[in-house]
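**Q** Here's a structure for you.
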Amino acid sequence: MCETLVVKCRRIASRWMRSSRVRVALVSVLSLCLGQSTCVGGEGSLSQDAQRELIDRIVSQWTKRHNAIDTLMVEVEGETLTPKGRFTGEPNLPEDISGEFPPKDHKSPLATRWWIDFRRNRVRIETDTEIFYVNGGEFQPRKGIAVFDGNNVIRQNLAVTENLTDHSPIQPEIYVQDASYEMFETLDRPILYFRGVVPPGTSFVTLGNMNSMPEADSFEYAGETSWKGYNCVIIRTLPVRVGSRSCSEFWVDVEHDSVIRRWFLRNGKAAVRMVDIDYRKENDRWAPSAWKVVHFKSDGRLRTSQDVVVKKFEINPAMSKSEDLFVLQPSSGMVVQDEVAGYGYRLAEDGETKLRPDGLPLVEPSSPAGFIARLALAIGTPLLIILIVVRARLRGRKT
């Protein structure tokens, strides 16, 4: 044990001396020396230098794809599996539902389309699926659209009913959020990994790091294995904070452009999430052809899974003239929650006027009228407080 610890500390110290990622290496040393378990540190027969050369080769191939791919358009179809008993015991289920729910495995259709303009930092994602409504105890169709125009995220959720023009009187159909919103999900990872977007640690790909370059010093060699007949090198991300037990684990097929065939999010040795990816040749590149996403419960049982097959995979399609793709405007009657501006409203029938819940026109805080109202409130509130205090003191003197 002591010898293994010394070897690992020496290995990390050596990398620290050669790397600019001082904080990551320091965290690794502290975690090991404090005896705190991390996800990092696989055993292998390769020498330290051979391991680093192999990781450098992998990251070099990822970087090559990163620099060569500006845009992607991908379309997949498949299904989501919700296992039997997934929602058993949910407190808001209808009273007439008893026993395990769902009573058997439930499969929901799933279709997703991505348009990603990496160079101009724009994204559009459309999803057709089913959502489980706890209060109703049923799965209902749902269509979702999300766009990022380079500044804000605009999301629209449509309940697929007989009449899509029936707008909710209170429930927002459009949400406006800033770039900190986590737009990408686990289902999106194979597309982003194909482009060479592999952030350090367990970080998900975000709108802020979707153009970040992979860094060799963020990974540790963890061994080799075979998967579906392909030889894979296992590498893991380094801990990003002292005592962290979480890491991302990648099974990389170095012989085929270093594509990622499996990804795990681990907490210690336990798998939290997993993605299996199949590939086919597209324009002289190995592109994803199908993948499976699995979410696990803390006890290792299945929480949910998604299986999709690629119907379209376009590399570097022209998007310079596709401005409408990355615009999502509310229509008349829709309720909008603008978290960037800090208020919600309903769009009037004229398609321009913003209405308050009581039906009166909304005075936007940024408008001249809104500024005057805020100024009056800022000045008037202290004056009112002073007036109340003065009157109270005068009354006290009289008594």
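Residue names in the structure tokens use chain letters A, B, ... in the order shown, residue numbers from 1 in each chain, and ligand numbers from 1 in the order shown.
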For the interface of stretch 164-216 of chain A with stretch 256-275 of chain A (cut-off 12 Å, counting only C-alpha atoms), please tabulate each contacting residue of stretch 164-216 of chain A alongside its nearest pair of atoms and their separation in Å to one decimal, rows sorted by chain and increasing number, as CSV.

**A**
residue,atom,partner,partner_atom,distance
A:Glu185,CA,A:Arg273,CA,11.5
A:Thr186,CA,A:Val275,CA,8.0
A:Leu187,CA,A:Val275,CA,8.2
A:Asp188,CA,A:Val275,CA,10.2
A:Arg189,CA,A:Val275,CA,8.2
A:Pro190,CA,A:Ile260,CA,8.0
A:Ile191,CA,A:Ile260,CA,10.7
A:Leu192,CA,A:Ile260,CA,10.8
A:Tyr193,CA,A:Ile260,CA,7.2
A:Phe194,CA,A:Val259,CA,7.0
A:Arg195,CA,A:Val259,CA,9.8
A:Gly196,CA,A:Val259,CA,9.0
A:Val197,CA,A:Ile260,CA,11.3
A:Val198,CA,A:Ile260,CA,10.2
A:Gly201,CA,A:Leu265,CA,10.0
A:Thr202,CA,A:Leu265,CA,7.1
A:Ser203,CA,A:Leu265,CA,10.0
A:Phe204,CA,A:Leu265,CA,10.2

**Q** Name the residues of stretch 33-265 of chain A that fall into strand (DSSP E) according to DSSP on the backbone, using the chain letters and numbers of this document, as a ChimeraX atom specification.

**A** /A:71-82,106-117,122-133,138-148,152-159,174-178,219-227,230-237,246-253,259-265

**Q** What's the separation between atom CA of A:Lys354 and atom CA of A:Pro330, in Å to one decimal place?

**A**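 Rounded to one decimal, the two atoms are 10.9 Å apart.
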
**Q** Each residue of stretch 243-360 of chain A with at least one atom at most 10 Å from stretch 54-78 of chain A should appear once, together with its nearest atom pair and the corresponding distance in Å (one decimal); atoms considered: only C-alpha atoms; ordering: chain, then increasing residue number; output as a tab-separated table.

**A**
residue	atom	partner	partner_atom	distance
A:Val252	CA	A:Ile58	CA	7.9
A:Asp253	CA	A:Ile58	CA	8.9
A:Val254	CA	A:Ile58	CA	6.6
A:Glu255	CA	A:Ile58	CA	9.9
A:His256	CA	A:Gln61	CA	9.9
A:Asp257	CA	A:Gln61	CA	6.2
A:Ser258	CA	A:Ile58	CA	5.6
A:Val259	CA	A:Trp62	CA	8.1
A:Ile260	CA	A:Trp62	CA	9.8
A:Arg285	CA	A:Arg65	CA	9.1
A:Pro288	CA	A:Val74	CA	9.8
A:Ser289	CA	A:Val76	CA	9.0
A:Ala290	CA	A:Val76	CA	8.2
A:Trp291	CA	A:Val76	CA	9.6
A:Lys292	CA	A:Gly78	CA	9.6
A:Gln306	CA	A:Gly78	CA	7.4
A:Asp307	CA	A:Gly78	CA	5.5
A:Val308	CA	A:Gly78	CA	4.1
A:Val309	CA	A:Val76	CA	5.4
A:Val310	CA	A:Val76	CA	4.4
A:Lys311	CA	A:Val76	CA	5.3
A:Lys312	CA	A:Glu75	CA	4.9
A:Phe313	CA	A:Val74	CA	4.6
A:Glu314	CA	A:Met73	CA	5.1
A:Ile315	CA	A:Leu72	CA	5.1
A:Asn316	CA	A:Thr71	CA	4.4
A:Pro317	CA	A:Thr71	CA	6.1
A:Ala318	CA	A:Thr71	CA	7.6
A:Met319	CA	A:Thr71	CA	7.5
A:Ser320	CA	A:Thr71	CA	9.9

**Q** List every residue of stretch 121-297 of chain A that DSSP, applied to the backbone of this structure, places in helix (DSSP H, G or I), and write the result as JSON, numbers by chain.

**A** {"A": [186, 187, 188, 189, 190, 191, 192, 193, 194, 216, 217, 218]}

**Q** Identify which of the residues A:Lys228, A:His106, A:Arg393, A:Arg155 lies closest to A:Ile125, counting only C-alpha atoms when measuring atom-to-atom distances.

**A**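 Of all the options, A:Arg155 lies closest to A:Ile125.
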
**Q** When you count only C-alpha atoms, which of these residues is closest to A:Phe296: A:Arg142, A:Arg52, A:Arg86, A:Arg391?

**A**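 Nearest candidate to A:Phe296 out of A:Arg142, A:Arg52, A:Arg86, A:Arg391: A:Arg86.
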